[in-house]
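Enquirer: There's a structure below that I have some questions on.
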Amino acid sequence: MTISTFALAEAPTGSQPDDLGDADWIPAVVPGGVHESLLAAGRIEHPYHDRNEESVRWIEERDWWYRAGFDGPGALADDERVRLVFHGLDTVADVWLNGTHLGHHENMFRPFEVDVTSLLADGNEVLVRFRPPLAGLTAPAAAVALNERIATLFATAPGDGDEAEVGLPTELPLATLRRKATFSWGWDFGPRVPSVGIWRPVELVRERGAAITGHHVRTDALDGTAAELTVAVEVDAFGPVEGLSARVTLAGPAGGSQAVTVPIDGTRGSAALRVDDAELWWTHDLGTPTLYDVHIELSDVDGRVLDRRTDRVGLRTIALDRSPDPEGGRYFRFLLNGVPVFARGANWIPADMLVGSVDEARYRELIGLARAGNMTMLRIWGGGVYEHDAFYAVTDELGILVWHDFMFACIDYPSADPDLQREVTLEAAYQVRRLRNRASMALWCGNNEVQMVHGFAYQGYDEGDWGWHFFHRILPEAVARHDGGVPYWPGSPWGEDPAEGWMAANGVRDGDRHAWEVWHGFDFGAGGGPYTDPGQARHHRRYANDRGKFISEFGIHASPELSTLERWIPAESLSIHSGSFDAHNKDNPKNKGDAVLEIVTGLPTTMREYVDVTMAAQAEGLKFGIEHYRRRQPHCGGTLVWQFNDVWPGFSWSVVDYDAVPKASFFALRRTFAPVVATFAETAAALELWVSNSTPRPVSTTAVVTFTDADGTELSTLDVPVTLAAGESRSVWARSERLPTGHWVWVHSTDDAFPRNRLFGGEVKDLRLSREAPRWTFDPTTATVTIDAATLTYQARVTAAPGVRYSDNYVDLRPGGRATVVLDNLPKDFDPGTITVRAYGTP
């Protein structure tokens, strides 16, 4: 039975159940939190609107009570029990049932569950008290010292002088002692709005004799078209039962099924199962993400069914290839069903600061956009949360791999503390067991940037009380013990090449790396330098110096769509660097991108220009970086953009804004992330055309290369035959001169083997563009906008009603060129009058 009708009240700090007589109760949003409940009751303004963030700070400083009444289960048999399960309490909570204190809980990442059989009555009341999340804590000295040391080192690091602005929340050392999402305390992409409350469902679970506590359907090997599986079932036998066994049935999408009986010895049993003619799970670009239905029945010796479970699993193997790379160092690439994968995707952060209010529809919308953007991997970042079940169900269905950090980020953790060790051990076991059947799970990773930050501060990673126990002992042991089929990696970034010394954790010869030399202007690591000009230090062309094996973070800031800003910032405050504007930009300094804009686009003077130029700079920069990394395949095994989505309507590195509106960069990524892509590369004295094939099949096509002048007039054209093996990337044509400033070179395939692409000489501000908006028509029968360009057109984009999706957008056209954009997800009362079409530089 689900318990969801709760009431919420504020009470004095340290209050007890007897103090609640005069409390002011309002309806509570469950699953959800205090902020959502107060919003629904009209008690607060939205914390994301204007500068309201500070106005809700008091919420984290109070005690909050939830209460709910529910009927008892009636008469119970002698071998029955009832458990009260809170799947997520955020974060410091005490629970009472009918006046009895059930326990204290301080971890939002694992459930609180209690056997309440003896406490139930015909009518029942459950109370939950949440204390301030950081109350009573004293920051570990080592974490405080690290923060101070990092600030000093950044202030004196070689670079353009703004590295000192790269900071972490001041509460971070304190927060290491509390298992709560690190980003709660504010981050460089979001506000300080720490969620509080019952963020996952509450259940009253009735069981008889024995219960299934876990199961695992693991693909151990592939033998031709057959899959060799291990099927395991875990049980808690709490009543007088004998001869337990589990019948596990695997039903394929084609209708066939296979079953195996798993005898239970004590608390666990396992059996082998072979599936002939297996329909394997693939990422959406390599095949079909096929899922099998699993049915489990737990029975006793008399055949009495005691418990049942259902699930959906994919048959697949996943491995991390770290074999020697002929160019030096080691590969870092994923093998899906034995096939090398070039991972193309982005970093996922929570879809809202208020993590309990993200529902399945929101996941389907955002992850559906990731798939539409040709992404094959999302990395769940270690400063956020283990997502709701719906997230993983959608990535399974849509064929998108998940790189999953454990929830640790950017700070030394007191990992020798026995209490924290116990909490992390329980958390890791719960989360690995919870997610081990997900076909999309590709990697468990120990943390985000902990080793990198510690290594930078102390120039080493020796065993010590800074997180080592977690990342090199407790977490890998949990993955090996409770999963055994998904690889583990100690951190992101991380590498183990001794030739790179303490910089191995973000090196270029082994492991994965975070390429932040560009946005932050760093000189250390890959990327060249030193630079005296901050714009050049942050310019995207520095990506061309990166020889990393897997780029798991890199990004460039951009504004949300103007319609999103208009929804969250008052019209009178919607101007560049107004108070509300800067409050929605959590990176520092607030004008960090201006030095790059001066070079790439020129500085904006209006909000519309600001949106246009930041989107253009982001799109060009990410396109440039991805194209470079794809040309390095197989030496580079993947590239994950920072970041995919947003926690609120702010200025950030996201490619899809908080209102789920894709930025210009999303469409640039969609084309650049295509399974086969043609790209131009310029060296000091040459221009090359490369084709990169990230499919397991050979490619044979003809590339048509066309040169135009600054007005788009065609100068010359040539055909280039292209033949590539599976997974091959190479130069297919070159000439010994660069492209003149303002000139363009275009490429397309005669059979659409890859998307159209282009390169222009110089910067965006060097383009000779018309101020005239492109002509367009709309066909309501096909919901298609047709754009016709009279002049050279850069980033022509269609906008319509909120929520509308576009088959393509932000397209470049030569004079006389045409593009068609199909509109999807139209509202029932869609008004074609909401459609506008404009290009970069047009009103």
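By order of appearance in the structure tokens: chains A, B, ..., then residues from 1 within every chain, and ligands from 1 in the order shown.
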List as number ranges by chain the protein and nucleic acid residues near Pro827 in chain A, meaning an atom at most 10 Å away when only C-alpha atoms are counted, but skip any in the same chain fewer than 4 places from it.
Expert: A: 801-804, 831
Enquirer: Would you mind exporting N, CA, C and O atoms of the selected residues as a PDB file, in the first residue's frame?
Expert:
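Once written, out11.pdb looks like this:
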ATOM      1  N   ALA A 801       5.379  27.693 -30.555  1.00  0.00           N
ATOM      2  CA  ALA A 801       4.789  27.656 -29.215  1.00  0.00           C
ATOM      3  C   ALA A 801       5.670  26.857 -28.261  1.00  0.00           C
ATOM      4  O   ALA A 801       6.431  25.981 -28.687  1.00  0.00           O
ATOM      5  N   PRO A 802       5.596  27.147 -26.957  1.00  0.00           N
ATOM      6  CA  PRO A 802       6.380  26.365 -25.980  1.00  0.00           C
ATOM      7  C   PRO A 802       6.093  24.876 -26.099  1.00  0.00           C
ATOM      8  O   PRO A 802       4.951  24.463 -26.289  1.00  0.00           O
ATOM      9  N   GLY A 803       7.166  24.070 -25.994  1.00  0.00           N
ATOM     10  CA  GLY A 803       7.018  22.621 -26.042  1.00  0.00           C
ATOM     11  C   GLY A 803       7.151  22.007 -27.413  1.00  0.00           C
ATOM     12  O   GLY A 803       7.286  20.785 -27.537  1.00  0.00           O
ATOM     13  N   VAL A 804       7.096  22.824 -28.473  1.00  0.00           N
ATOM     14  CA  VAL A 804       7.232  22.289 -29.829  1.00  0.00           C
ATOM     15  C   VAL A 804       8.651  21.778 -30.034  1.00  0.00           C
ATOM     16  O   VAL A 804       9.626  22.384 -29.570  1.00  0.00           O
ATOM     17  N   ASP A 831      -1.291  27.420 -32.834  1.00  0.00           N
ATOM     18  CA  ASP A 831      -1.520  28.594 -33.673  1.00  0.00           C
ATOM     19  C   ASP A 831      -0.296  28.815 -34.553  1.00  0.00           C
ATOM     20  O   ASP A 831       0.782  29.165 -34.047  1.00  0.00           O
TER      21      ASP A 831
END
Enquirer: Within range 161-335 of chain A, find each residue whose DSSP state, derived from the backbone, is strand (DSSP E), and express the selection as an MDAnalysis selection string.
Expert: chainID A and resid 197:198 202:208 210:223 226:237 245:251 257:263 268:275 292:299 305:313 318:321 333:335
Enquirer: Which residues come within 7 Å of Asp412 in chain A, counting only C-alpha atoms, excluding same-chain residues fewer than 5 positions away, as a list in words?
Expert: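 Everything that qualifies: Ala143, Val450, His454, Trp466 and Gly467 of chain A.
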Enquirer: Write out, as a PDB file, in the first residue's frame, the residues just selected, with N, CA, C and O atoms.
Expert:
ATOM      1  N   ALA A 143      39.315  18.534   5.200  1.00  0.00           N
ATOM      2  CA  ALA A 143      38.529  19.109   4.114  1.00  0.00           C
ATOM      3  C   ALA A 143      38.636  20.630   4.111  1.00  0.00           C
ATOM      4  O   ALA A 143      38.717  21.258   3.049  1.00  0.00           O
ATOM      5  N   VAL A 450      37.399  14.110  -7.249  1.00  0.00           N
ATOM      6  CA  VAL A 450      38.023  14.087  -5.923  1.00  0.00           C
ATOM      7  C   VAL A 450      39.522  13.840  -6.051  1.00  0.00           C
ATOM      8  O   VAL A 450      40.341  14.576  -5.478  1.00  0.00           O
ATOM      9  N   HIS A 454      42.424  16.539  -5.106  1.00  0.00           N
ATOM     10  CA  HIS A 454      43.393  16.157  -4.074  1.00  0.00           C
ATOM     11  C   HIS A 454      44.806  16.107  -4.661  1.00  0.00           C
ATOM     12  O   HIS A 454      45.763  16.582  -4.033  1.00  0.00           O
ATOM     13  N   TRP A 466      41.232  10.821   2.865  1.00  0.00           N
ATOM     14  CA  TRP A 466      40.719  11.858   1.968  1.00  0.00           C
ATOM     15  C   TRP A 466      39.677  11.306   0.992  1.00  0.00           C
ATOM     16  O   TRP A 466      39.204  12.028   0.109  1.00  0.00           O
ATOM     17  N   GLY A 467      39.293  10.043   1.156  1.00  0.00           N
ATOM     18  CA  GLY A 467      38.368   9.379   0.245  1.00  0.00           C
ATOM     19  C   GLY A 467      38.921   8.082  -0.296  1.00  0.00           C
ATOM     20  O   GLY A 467      38.195   7.301  -0.920  1.00  0.00           O
TER      21      GLY A 467
END
Enquirer: Can you tell me how far CA of Gly761 in chain A sits from CA of Trp744 in chain A, in Å to one decimal?
Expert: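 CA of Trp744 in chain A lies at a distance of 6.4 Å from CA of Gly761 in chain A.
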Enquirer: For Val385 in chain A, which of A:Val301, A:Leu38, A:Ala351, A:Leu20 is the closest residue, counting only C-alpha atoms?
Expert: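 When distances to Val385 in chain A are compared using only C-alpha atoms, the smallest one comes from A:Ala351.
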Enquirer: Using only C-alpha atoms, which residues sit within 9 Å of Lys592 in chain A once same-chain residues fewer than 5 positions away are excluded, as a list in words?
Expert: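 Counting only the stated atoms, we get Asp162, Trp519, His520, Pro534 and Asp587 of chain A.
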Enquirer: What does the distance from CA of Arg433 in chain A to CA of Glu234 in chain A come to in Å, to one decimal?
Expert: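 Distance reported for this atom pair: 10.5 Å.
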Enquirer: Could you check the closest approach to Val82 in chain A for each of A:Met1, A:Val676, A:Ala416, A:Val34 and tell me which residue wins, using only C-alpha atoms?
Expert: A:Met1
